[in-house]
$ cat start_6.txt   # compact mmCIF, C-alpha atoms
# COMPACT_ATOMS: atom_id res chain seq x y z
CA MET C 31 3.69 75.40 134.80
CA SER C 32 3.89 79.14 134.09
CA GLU C 33 0.47 80.66 134.43
CA GLN C 34 -1.21 77.74 136.12
CA VAL C 35 -1.67 79.31 139.55
CA LEU C 36 -2.96 82.52 138.00
CA GLU C 37 -5.05 80.74 135.37
CA LYS C 38 -6.69 78.61 138.03
CA LEU C 39 -7.77 81.65 140.02
CA ILE C 40 -9.00 83.45 136.91
CA LYS C 41 -11.07 80.44 135.89
CA LYS C 42 -12.59 80.21 139.36
CA VAL C 43 -13.43 83.90 139.54
CA ALA C 44 -14.92 83.71 136.03
CA LYS C 45 -17.48 81.22 137.31
CA LEU C 46 -18.87 83.60 139.91
CA PRO C 47 -22.35 84.94 139.12
CA GLY C 48 -22.23 87.98 136.86
CA LEU C 49 -18.59 87.51 135.90
CA GLY C 50 -16.96 85.97 132.85
CA PRO C 51 -13.44 85.32 131.56
CA ARG C 52 -12.83 88.94 130.59
CA SER C 53 -14.13 90.54 133.80
CA SER C 54 -12.37 87.85 135.81
CA ARG C 55 -9.02 88.72 134.24
CA ARG C 56 -9.70 92.35 134.99
CA VAL C 57 -10.52 91.65 138.64
CA VAL C 58 -7.50 89.40 139.20
CA LEU C 59 -5.07 91.81 137.53
CA HIS C 60 -6.56 94.60 139.61
CA LEU C 61 -5.95 92.60 142.79
CA LEU C 62 -2.36 91.94 141.73
CA LYS C 63 -1.67 95.62 141.13
CA ASP C 64 -1.01 95.92 144.83
CA LYS C 65 -1.02 92.68 146.76
CA GLU C 66 -0.59 94.31 150.16
CA THR C 67 -3.54 96.66 149.98
CA LEU C 68 -5.86 94.74 147.66
CA LEU C 69 -5.35 91.00 147.45
CA LEU C 70 -4.22 90.17 151.00
CA PRO C 71 -6.96 92.17 152.80
CA LEU C 72 -9.56 90.54 150.54
CA ILE C 73 -8.23 87.10 151.43
CA GLU C 74 -8.34 88.03 155.10
CA ASP C 75 -11.95 89.18 154.88
CA MET C 76 -12.89 86.02 153.02
CA ASN C 77 -11.22 83.92 155.67
CA ASN C 78 -13.12 85.81 158.37
CA VAL C 79 -16.37 85.12 156.59
CA ALA C 80 -15.46 81.46 156.03
CA ASN C 81 -14.59 81.01 159.69
CA ASN C 82 -17.28 83.08 161.36
CA ILE C 83 -20.42 83.17 159.27
CA LYS C 84 -22.92 80.36 159.76
CA LYS C 85 -26.56 79.70 159.13
CA CYS C 86 -28.99 80.71 161.87
CA VAL C 87 -30.43 77.46 163.23
CA GLU C 88 -33.84 79.13 163.56
CA CYS C 89 -34.45 80.91 160.28
CA GLY C 90 -31.51 80.12 158.00
CA ASN C 91 -30.18 83.67 157.85
CA LEU C 92 -26.39 84.18 157.78
CA ASP C 93 -24.83 85.45 160.97
CA GLU C 94 -21.79 85.21 163.22
CA ASN C 95 -23.88 83.47 165.88
CA ASP C 96 -25.92 80.28 165.91
CA ILE C 97 -29.05 82.36 166.39
CA CYS C 98 -29.08 85.43 164.18
CA GLN C 99 -29.61 89.01 165.30
CA ILE C 100 -33.12 89.09 163.87
CA CYS C 101 -34.25 85.93 165.65
CA LYS C 102 -32.61 87.12 168.86
CA ASN C 103 -34.17 90.56 168.73
CA SER C 104 -37.06 90.53 171.18
CA SER C 105 -38.23 93.99 170.13
CA ARG C 106 -39.29 92.63 166.75
CA ASN C 107 -42.84 91.44 166.23
CA GLN C 108 -42.84 87.80 167.42
CA THR C 109 -46.17 86.97 165.80
CA LEU C 110 -45.25 87.70 162.19
CA LEU C 111 -43.25 85.26 160.08
CA CYS C 112 -42.10 86.15 156.58
CA VAL C 113 -41.11 83.24 154.32
CA VAL C 114 -38.48 84.17 151.73
CA GLU C 115 -36.52 82.18 149.17
CA THR C 116 -32.99 83.32 149.94
CA VAL C 117 -30.87 85.42 152.28
CA ALA C 118 -30.67 88.03 149.52
CA ASP C 119 -34.47 88.39 149.70
CA LEU C 120 -34.30 88.77 153.47
CA TRP C 121 -31.70 91.51 153.05
CA ALA C 122 -33.87 93.24 150.44
CA LEU C 123 -36.81 93.28 152.85
CA GLU C 124 -34.61 94.51 155.69
CA ARG C 125 -33.28 97.32 153.51
CA SER C 126 -36.83 98.45 152.77
CA ASN C 127 -37.20 98.98 156.52
CA VAL C 128 -40.93 98.31 156.66
CA TYR C 129 -41.04 94.80 158.08
CA ASN C 130 -40.43 94.18 161.75
CA GLY C 131 -41.31 90.51 162.18
CA LYS C 132 -39.27 87.34 161.86
CA TYR C 133 -38.10 85.44 158.80
CA HIS C 134 -37.86 81.92 157.52
CA ILE C 135 -35.57 81.13 154.62
CA LEU C 136 -36.97 78.47 152.34
CA GLY C 137 -33.72 77.93 150.45
CA GLY C 138 -35.30 78.12 147.00
CA VAL C 139 -38.56 77.31 145.25
CA LEU C 140 -40.09 74.11 143.97
CA SER C 141 -38.96 73.42 140.44
CA ALA C 142 -39.77 70.47 138.23
CA ILE C 143 -37.01 71.45 135.80
CA ASP C 144 -34.28 71.78 138.42
CA GLY C 145 -35.66 68.78 140.31
CA ILE C 146 -36.31 70.73 143.51
CA ASN C 147 -38.97 68.95 145.55
CA PRO C 148 -40.44 69.93 148.93
CA ASP C 149 -37.93 67.80 150.87
CA GLN C 150 -35.09 69.99 149.61
CA LEU C 151 -36.70 73.17 150.96
CA ASN C 152 -36.78 74.16 154.63
CA ILE C 153 -40.47 73.38 155.00
CA ASP C 154 -40.22 70.84 157.83
CA SER C 155 -38.39 73.36 159.98
CA LEU C 156 -41.00 75.94 159.03
CA GLU C 157 -43.77 73.66 160.28
CA LYS C 158 -41.87 73.04 163.49
CA ARG C 159 -41.55 76.75 164.07
CA LEU C 160 -45.24 77.28 163.43
CA GLU C 161 -46.10 74.50 165.90
CA SER C 162 -44.00 75.79 168.75
CA ASN C 163 -44.24 79.53 168.29
CA MET C 164 -46.96 82.07 168.61
CA PHE C 165 -47.09 83.26 165.04
CA THR C 166 -50.44 84.62 163.93
CA GLU C 167 -49.55 85.35 160.33
CA VAL C 168 -47.23 83.89 157.73
CA ILE C 169 -46.34 86.23 154.88
CA VAL C 170 -45.23 84.29 151.83
CA ALA C 171 -42.78 86.69 150.15
CA ILE C 172 -41.74 84.53 147.22
CA SER C 173 -40.92 85.68 143.69
CA ALA C 174 -43.92 86.03 141.39
CA THR C 175 -42.44 83.55 138.92
CA LEU C 176 -44.22 80.38 137.85
CA ASP C 177 -42.14 78.24 140.22
CA GLY C 178 -42.55 80.82 142.95
CA GLN C 179 -46.33 80.83 142.62
CA THR C 180 -46.39 77.03 142.61
CA THR C 181 -44.35 77.04 145.80
CA ALA C 182 -46.62 79.63 147.39
CA HIS C 183 -49.71 77.54 146.66
CA TYR C 184 -48.01 74.40 147.91
CA LEU C 185 -47.10 76.22 151.12
CA ALA C 186 -50.62 77.59 151.55
CA GLU C 187 -52.00 74.07 151.28
CA ARG C 188 -49.46 72.46 153.55
CA LEU C 189 -49.72 75.15 156.21
CA GLY C 190 -53.51 75.08 156.07
CA LYS C 191 -53.64 72.78 159.08
CA PHE C 192 -52.35 75.55 161.33
CA ASP C 193 -54.74 78.15 162.60
CA ILE C 194 -52.62 80.90 161.12
CA LYS C 195 -53.41 83.55 158.55
CA ILE C 196 -51.36 83.04 155.38
CA THR C 197 -50.80 86.08 153.17
CA ARG C 198 -48.67 86.94 150.16
CA LEU C 199 -47.13 90.13 148.80
CA ALA C 200 -49.44 92.30 146.68
CA HIS C 201 -49.04 92.37 142.93
CA GLY C 202 -49.18 95.66 141.08
CA LEU C 203 -47.36 98.53 139.49
CA PRO C 204 -43.81 98.88 140.86
CA VAL C 205 -43.21 102.29 142.42
CA GLY C 206 -41.61 104.42 139.71
CA GLY C 207 -42.71 101.93 137.07
CA GLU C 208 -44.31 102.99 133.81
CA LEU C 209 -47.57 101.38 132.73
CA ASP C 210 -46.33 101.19 129.18
CA PHE C 211 -43.54 98.77 130.12
CA LEU C 212 -45.66 96.56 132.34
CA ASP C 213 -46.69 93.07 131.28
CA ASP C 214 -50.38 92.24 130.90
CA GLY C 215 -50.47 89.97 133.95
CA THR C 216 -49.25 92.70 136.26
CA ILE C 217 -51.62 95.28 134.78
CA ALA C 218 -54.50 92.87 135.26
CA GLN C 219 -53.52 92.20 138.89
CA ALA C 220 -53.00 95.90 139.58
CA LEU C 221 -56.44 96.71 138.17
CA LYS C 222 -58.13 93.95 140.14
CA ALA C 223 -56.52 95.07 143.39
CA ARG C 224 -57.14 98.80 142.79
CA ASN C 225 -57.68 101.01 145.84
CA LEU C 226 -59.58 104.20 146.58
CA LEU C 227 -57.45 107.27 145.92
CA MET B 18 -21.78 93.33 165.50
CA SER B 19 -24.06 91.09 163.45
CA GLU B 20 -23.31 91.50 159.78
CA GLN B 21 -20.00 93.29 160.16
CA VAL B 22 -17.77 90.48 158.93
CA LEU B 23 -20.06 89.85 155.99
CA GLU B 24 -20.66 93.53 155.28
CA LYS B 25 -16.94 94.17 155.22
CA LEU B 26 -16.37 91.51 152.60
CA ILE B 27 -19.31 92.68 150.51
CA LYS B 28 -18.02 96.25 150.56
CA LYS B 29 -14.57 95.11 149.51
CA VAL B 30 -15.86 92.93 146.68
CA ALA B 31 -18.12 95.79 145.54
CA LYS B 32 -15.03 97.92 144.91
CA LEU B 33 -13.54 95.46 142.42
CA PRO B 34 -13.63 96.66 138.80
CA GLY B 35 -16.92 95.87 137.11
CA LEU B 36 -18.73 95.04 140.34
CA GLY B 37 -21.07 97.07 142.53
CA PRO B 38 -23.01 96.58 145.76
CA ARG B 39 -25.70 94.45 144.14
CA SER B 40 -23.39 92.13 142.20
CA SER B 41 -21.10 91.95 145.21
CA ARG B 42 -23.94 90.69 147.43
CA ARG B 43 -24.78 88.15 144.76
CA VAL B 44 -21.20 86.91 144.54
CA VAL B 45 -20.72 86.69 148.31
CA LEU B 46 -24.03 84.90 148.88
CA HIS B 47 -23.13 82.53 146.07
CA LEU B 48 -19.81 81.74 147.75
CA LEU B 49 -21.60 81.11 151.05
CA LYS B 50 -24.04 78.67 149.47
CA ASP B 51 -21.39 76.03 149.87
CA LYS B 52 -18.30 77.07 151.78
CA GLU B 53 -16.46 73.80 151.22
CA THR B 54 -16.69 73.73 147.44
CA LEU B 55 -16.87 77.44 146.63
CA LEU B 56 -15.47 79.83 149.23
CA LEU B 57 -12.58 77.80 150.66
CA PRO B 58 -11.13 76.70 147.27
CA LEU B 59 -11.30 80.31 146.08
CA ILE B 60 -9.42 81.48 149.18
CA GLU B 61 -6.83 78.78 148.58
CA ASP B 62 -6.32 79.83 144.96
CA MET B 63 -6.03 83.46 146.02
CA ASN B 64 -3.45 82.53 148.62
CA ASN B 65 -1.50 80.59 146.01
CA VAL B 66 -1.51 83.61 143.75
CA ALA B 67 -0.57 85.94 146.59
CA ASN B 68 2.34 83.71 147.60
CA ASN B 69 3.64 82.60 144.22
CA ILE B 70 2.97 85.22 141.59
CA LYS B 71 5.56 87.96 141.14
CA LYS B 72 6.61 90.45 138.52
CA CYS B 73 9.18 89.27 136.00
CA VAL B 74 12.32 91.32 136.69
CA GLU B 75 12.97 91.59 132.96
CA CYS B 76 9.68 92.58 131.38
CA GLY B 77 7.18 93.11 134.22
CA ASN B 78 4.91 90.19 133.28
CA LEU B 79 3.33 88.15 136.10
CA ASP B 80 4.78 84.72 136.69
CA GLU B 81 5.68 82.19 139.34
CA ASN B 82 9.37 82.75 138.64
CA ASP B 83 11.60 85.80 138.81
CA ILE B 84 12.08 85.56 135.06
CA CYS B 85 8.84 84.81 133.25
CA GLN B 86 8.24 82.00 130.78
CA ILE B 87 8.24 84.39 127.85
CA CYS B 88 11.59 85.99 128.75
CA LYS B 89 13.06 82.55 129.45
CA ASN B 90 11.85 81.05 126.19
CA SER B 91 14.84 80.95 123.87
CA SER B 92 12.78 79.78 120.91
CA ARG B 93 11.05 83.17 120.77
CA ASN B 94 12.42 85.89 118.55
CA GLN B 95 15.10 87.63 120.64
CA THR B 96 15.32 90.66 118.37
CA LEU B 97 11.73 91.87 118.66
CA LEU B 98 10.48 93.81 121.67
CA CYS B 99 6.83 94.75 122.07
CA VAL B 100 6.04 97.56 124.51
CA VAL B 101 2.58 97.25 126.10
CA GLU B 102 0.78 99.17 128.82
CA THR B 103 -0.35 96.33 131.07
CA VAL B 104 -0.17 92.60 131.65
CA ALA B 105 -3.72 92.38 130.27
CA ASP B 106 -2.45 93.75 126.95
CA LEU B 107 0.39 91.23 126.94
CA TRP B 108 -2.15 88.46 127.49
CA ALA B 109 -4.34 89.80 124.68
CA LEU B 110 -1.38 89.73 122.28
CA GLU B 111 -0.41 86.23 123.42
CA ARG B 112 -3.98 85.01 122.86
CA SER B 113 -3.88 86.33 119.31
CA ASN B 114 -0.97 83.95 118.75
CA VAL B 115 0.74 86.02 116.07
CA TYR B 116 3.58 87.59 118.01
CA ASN B 117 6.65 85.58 118.90
CA GLY B 118 9.04 88.17 120.30
CA LYS B 119 9.56 89.56 123.78
CA TYR B 120 7.60 92.09 125.79
CA HIS B 121 8.14 95.09 127.99
CA ILE B 122 5.36 96.26 130.27
CA LEU B 123 5.25 100.02 130.61
CA GLY B 124 2.84 100.01 133.56
CA GLY B 125 0.50 102.61 132.10
CA VAL B 126 0.59 105.66 129.86
CA LEU B 127 1.59 109.26 130.42
CA SER B 128 -1.34 111.28 131.70
CA ALA B 129 -1.47 114.91 132.68
CA ILE B 130 -4.85 114.41 134.36
CA ASP B 131 -3.81 111.41 136.45
CA GLY B 132 -0.39 112.92 137.04
CA ILE B 133 1.52 110.07 135.45
CA ASN B 134 4.94 111.28 134.33
CA PRO B 135 7.73 109.33 132.60
CA ASP B 136 9.43 108.47 135.91
CA GLN B 137 6.41 106.42 136.95
CA LEU B 138 6.56 104.25 133.85
CA ASN B 139 9.09 101.48 133.27
CA ILE B 140 11.04 103.47 130.70
CA ASP B 141 14.44 103.38 132.40
CA SER B 142 14.35 99.60 132.49
CA LEU B 143 13.27 99.63 128.84
CA GLU B 144 16.31 101.71 127.90
CA LYS B 145 18.57 99.37 129.86
CA ARG B 146 17.16 96.40 128.01
CA LEU B 147 17.68 98.12 124.67
CA GLU B 148 21.30 98.92 125.60
CA SER B 149 22.27 95.43 126.61
CA ASN B 150 20.21 93.30 124.27
CA MET B 151 20.19 92.66 120.59
CA PHE B 152 16.77 94.02 119.74
CA THR B 153 16.40 95.28 116.20
CA GLU B 154 12.81 96.48 116.45
CA VAL B 155 10.60 97.93 119.17
CA ILE B 156 6.87 97.62 118.51
CA VAL B 157 4.93 100.19 120.50
CA ALA B 158 1.59 98.46 121.11
CA ILE B 159 -0.13 101.13 123.16
CA SER B 160 -3.84 102.06 123.12
CA ALA B 161 -4.84 104.53 120.44
CA THR B 162 -6.17 106.99 123.02
CA LEU B 163 -4.90 110.53 123.36
CA ASP B 164 -2.68 109.63 126.33
CA GLY B 165 -1.55 106.48 124.55
CA GLN B 166 -0.53 108.41 121.45
CA THR B 167 1.29 110.98 123.57
CA THR B 168 3.18 108.18 125.29
CA ALA B 169 4.03 106.56 121.96
CA HIS B 170 5.47 109.80 120.62
CA TYR B 171 7.41 110.38 123.82
CA LEU B 172 8.84 106.88 123.58
CA ALA B 173 9.76 107.32 119.92
CA GLU B 174 11.68 110.47 120.79
CA ARG B 175 13.40 109.05 123.83
CA LEU B 176 14.39 105.81 122.11
CA GLY B 177 15.60 107.68 119.01
CA LYS B 178 19.19 107.50 120.29
CA PHE B 179 19.24 103.75 119.80
CA ASP B 180 19.87 102.35 116.36
CA ILE B 181 16.62 100.39 116.51
CA LYS B 182 13.54 100.49 114.31
CA ILE B 183 10.52 101.75 116.24
CA THR B 184 7.10 100.77 114.91
CA ARG B 185 3.51 100.99 116.13
CA LEU B 186 0.37 98.94 115.53
CA ALA B 187 -1.57 99.76 112.37
CA HIS B 188 -4.81 101.74 112.61
CA GLY B 189 -7.80 100.65 110.59
CA LEU B 190 -11.09 98.85 110.39
CA PRO B 191 -11.36 96.18 113.13
CA VAL B 192 -11.91 92.70 111.69
CA GLY B 193 -15.66 92.11 111.73
CA GLY B 194 -16.25 95.83 112.20
CA GLU B 195 -18.86 97.75 110.24
CA LEU B 196 -17.86 100.94 108.49
CA ASP B 197 -21.08 102.57 109.56
CA PHE B 198 -20.14 102.37 113.23
CA LEU B 199 -16.57 103.53 112.83
CA ASP B 200 -15.41 106.96 113.93
CA ASP B 201 -14.05 109.41 111.38
CA GLY B 202 -10.49 109.21 112.67
CA THR B 203 -10.32 105.47 112.14
CA ILE B 204 -11.91 105.69 108.71
CA ALA B 205 -9.38 108.35 107.71
CA GLN B 206 -6.48 106.23 108.97
CA ALA B 207 -7.84 103.11 107.29
CA LEU B 208 -8.16 104.97 103.97
CA LYS B 209 -4.69 106.45 104.19
CA ALA B 210 -3.14 103.06 104.94
CA ARG B 211 -5.14 101.20 102.28
CA ASN B 212 -3.51 98.16 100.63
CA LEU B 213 -3.76 96.45 97.26
CA LEU B 214 -6.47 93.79 97.28
$ encode --input "start_6.txt" --output "structure tokens"
Amino acid sequence: MSEQVLEKLIKKVAKLPGLGPRSSRRVVLHLLKDKETLLLPLIEDMNNVANNIKKCVECGNLDENDICQICKNSSRNQTLLCVVETVADLWALERSNVYNGKYHILGGVLSAIDGINPDQLNIDSLEKRLESNMFTEVIVAISATLDGQTTAHYLAERLGKFDIKITRLAHGLPVGGELDFLDDGTIAQALKARNLL
Amino acid sequence: MSEQVLEKLIKKVAKLPGLGPRSSRRVVLHLLKDKETLLLPLIEDMNNVANNIKKCVECGNLDENDICQICKNSSRNQTLLCVVETVADLWALERSNVYNGKYHILGGVLSAIDGINPDQLNIDSLEKRLESNMFTEVIVAISATLDGQTTAHYLAERLGKFDIKITRLAHGLPVGGELDFLDDGTIAQALKARNLL
């Protein structure tokens, strides 16, 4: 009976990505140091998120409204659609502040190992958007992993029926990256796609 | 307006010990992957903890009752009292399964830098327990840091008026530890306290 309530929370927190039993104990004890200023406000914020945040019916982004701020924003480029795996990827692109078009969240990548097939990704809704909207280019911004590349090729094939340019992110040397630490594949791609200085 | 609710939660989670903005985003997005099975149960467990967990009035441990399971347990050794800094330390000792006495949580260590003086530690309540109980030994199980050692010496002095043996944890080579990686202080202490094989 004793530590059950506490143990249960610690076990749940330990399952969060990036945390384990030790860090979970640390987090929970930290929250209990001062319930009023730490634990209760966190619960309140979580409740707010649970009650107010939903998926945008257009793109799949998370927002307080049915249609997210990005989809609503008429000052963004309405002809560009960027396909990303997750909301985290959308946020990463938004933070970089260089893309001004719309997004479509795929919800993952195809994976034989994890049993993810095309039906489990938001590809039907992507096709519907391409049919009814005036997009002129789809940028496939998917991870350069094996599964990601497979998904990108699958998308390119499936979207081929639309008269829309399909592009992908460039491969190459990360900014600030050292050649010495780069894998052969990236070096090869960076060499192939070299530009005039 | 858009991401405020979400941003607020992410910022709060990022301030938890061991987490930062990136891991916080990851955790929050993970929780939002499936509200029903991830976020809502976590909120419920947190609420349970917030509503049910309190400090034991005797020792300072966290429990669902005013007197914790350890203080209540009459089969534990009632003559041994182990003084620890935090609940985490108490848990660590309990996990090791070698101590069967009672505990007293000090709530920290003396620190000139952080401005922690004796009044901010649970020393008065410790003295009261020593007056009214039948403890024969106080084990000071405080970190072997500078502040910890200072606190231990302060405690030894202040508790000198009681006719009670005051001991501290042994210093030495950690089990599984390699000599090569050990600091000089520990090696010196381990040599001094060497035992017959």
$ interface_residues --input "start_6.txt" --of "chain C" --to "chain B" --cutoff "9 Å" --atoms "all atoms listed in the file" --output "JSON, numbers by chain"
{"C": [31, 32, 33, 34, 35, 36, 38, 39, 42, 43, 46, 47, 48, 49, 53, 55, 56, 57, 59, 60, 61, 62, 65, 68, 69, 70, 71, 72, 73, 74, 75, 76, 77, 78, 79, 80, 82, 83, 84, 92, 93, 94, 95, 98, 99, 117, 118]}
$ write_last_selection --input "start_6.txt" --atoms "C-alpha atoms" --output "compact mmCIF listing (two decimals), in the frame of the given file"
# COMPACT_ATOMS: atom_id res chain seq x y z
CA MET C 31 3.69 75.40 134.80
CA SER C 32 3.89 79.14 134.09
CA GLU C 33 0.47 80.66 134.43
CA GLN C 34 -1.21 77.74 136.12
CA VAL C 35 -1.67 79.31 139.55
CA LEU C 36 -2.96 82.52 138.00
CA LYS C 38 -6.69 78.61 138.03
CA LEU C 39 -7.77 81.65 140.02
CA LYS C 42 -12.59 80.21 139.36
CA VAL C 43 -13.43 83.90 139.54
CA LEU C 46 -18.87 83.60 139.91
CA PRO C 47 -22.35 84.94 139.12
CA GLY C 48 -22.23 87.98 136.86
CA LEU C 49 -18.59 87.51 135.90
CA SER C 53 -14.13 90.54 133.80
CA ARG C 55 -9.02 88.72 134.24
CA ARG C 56 -9.70 92.35 134.99
CA VAL C 57 -10.52 91.65 138.64
CA LEU C 59 -5.07 91.81 137.53
CA HIS C 60 -6.56 94.60 139.61
CA LEU C 61 -5.95 92.60 142.79
CA LEU C 62 -2.36 91.94 141.73
CA LYS C 65 -1.02 92.68 146.76
CA LEU C 68 -5.86 94.74 147.66
CA LEU C 69 -5.35 91.00 147.45
CA LEU C 70 -4.22 90.17 151.00
CA PRO C 71 -6.96 92.17 152.80
CA LEU C 72 -9.56 90.54 150.54
CA ILE C 73 -8.23 87.10 151.43
CA GLU C 74 -8.34 88.03 155.10
CA ASP C 75 -11.95 89.18 154.88
CA MET C 76 -12.89 86.02 153.02
CA ASN C 77 -11.22 83.92 155.67
CA ASN C 78 -13.12 85.81 158.37
CA VAL C 79 -16.37 85.12 156.59
CA ALA C 80 -15.46 81.46 156.03
CA ASN C 82 -17.28 83.08 161.36
CA ILE C 83 -20.42 83.17 159.27
CA LYS C 84 -22.92 80.36 159.76
CA LEU C 92 -26.39 84.18 157.78
CA ASP C 93 -24.83 85.45 160.97
CA GLU C 94 -21.79 85.21 163.22
CA ASN C 95 -23.88 83.47 165.88
CA CYS C 98 -29.08 85.43 164.18
CA GLN C 99 -29.61 89.01 165.30
CA VAL C 117 -30.87 85.42 152.28
CA ALA C 118 -30.67 88.03 149.52
$ calpha_fit_rmsd --input "start_6.txt" --fixed "chain C" --moving "chain B"
0.1 Å
$ atom_distance --input "start_6.txt" --atom1 "CA of Leu190 (chain B)" --atom2 "CA of Asn117 (chain B)"
23.7 Å
$ residues_near_point --input "start_6.txt" --point "(16.6, 99.5, 130.5)" --cutoff "12 Å" --atoms "only C-alpha atoms" --output "list in words"
Val74, Glu75, Cys76, Gly77, His121, Ile122, Leu123, Leu138, Asn139, Ile140, Asp141, Ser142, Leu143, Glu144, Lys145, Arg146, Leu147, Glu148, Ser149, Asn150, Leu176 and Phe179 of chain B
$ write_last_selection --input "start_6.txt" --atoms "C-alpha atoms" --output "PDB file, in the frame of the given file"
ATOM      1  CA  VAL B  74      12.320  91.320 136.690  1.00  0.00           C
ATOM      2  CA  GLU B  75      12.970  91.590 132.960  1.00  0.00           C
ATOM      3  CA  CYS B  76       9.680  92.580 131.380  1.00  0.00           C
ATOM      4  CA  GLY B  77       7.180  93.110 134.220  1.00  0.00           C
ATOM      5  CA  HIS B 121       8.140  95.090 127.990  1.00  0.00           C
ATOM      6  CA  ILE B 122       5.360  96.260 130.270  1.00  0.00           C
ATOM      7  CA  LEU B 123       5.250 100.020 130.610  1.00  0.00           C
ATOM      8  CA  LEU B 138       6.560 104.250 133.850  1.00  0.00           C
ATOM      9  CA  ASN B 139       9.090 101.480 133.270  1.00  0.00           C
ATOM     10  CA  ILE B 140      11.040 103.470 130.700  1.00  0.00           C
ATOM     11  CA  ASP B 141      14.440 103.380 132.400  1.00  0.00           C
ATOM     12  CA  SER B 142      14.350  99.600 132.490  1.00  0.00           C
ATOM     13  CA  LEU B 143      13.270  99.630 128.840  1.00  0.00           C
ATOM     14  CA  GLU B 144      16.310 101.710 127.900  1.00  0.00           C
ATOM     15  CA  LYS B 145      18.570  99.370 129.860  1.00  0.00           C
ATOM     16  CA  ARG B 146      17.160  96.400 128.010  1.00  0.00           C
ATOM     17  CA  LEU B 147      17.680  98.120 124.670  1.00  0.00           C
ATOM     18  CA  GLU B 148      21.300  98.920 125.600  1.00  0.00           C
ATOM     19  CA  SER B 149      22.270  95.430 126.610  1.00  0.00           C
ATOM     20  CA  ASN B 150      20.210  93.300 124.270  1.00  0.00           C
ATOM     21  CA  LEU B 176      14.390 105.810 122.110  1.00  0.00           C
ATOM     22  CA  PHE B 179      19.240 103.750 119.800  1.00  0.00           C
TER      23      PHE B 179
END
$ residues_around --input "start_6.txt" --residues "Lys209 (chain B)" --least-positions-apart "4" --cutoff "12 Å" --atoms "all atoms listed in the file" --output "list of chain:residue names"
B:Ala187, B:His188, B:Gly189, B:Leu190, B:Gly202, B:Thr203, B:Ile204, B:Ala205
$ closest_residue --input "start_6.txt" --among "B:Gln137, B:Ser160, B:Gly132, B:Ser91" --to "Asp106 (chain B)" --atoms "only C-alpha atoms"
B:Ser160
$ atom_distance --input "start_6.txt" --atom1 "CA of Asp136 (chain B)" --atom2 "CA of Thr153 (chain B)"
24.7 Å
$ atom_distance --input "start_6.txt" --atom1 "CA of Lys119 (chain B)" --atom2 "CA of Gln95 (chain B)"
6.7 Å
$ residues_around --input "start_6.txt" --residues "Leu97 (chain B)" --least-positions-apart "2" --cutoff "6 Å" --atoms "all atoms listed in the file" --output "list in words"
Gln95, Gly118, Phe152 and Glu154 of chain B
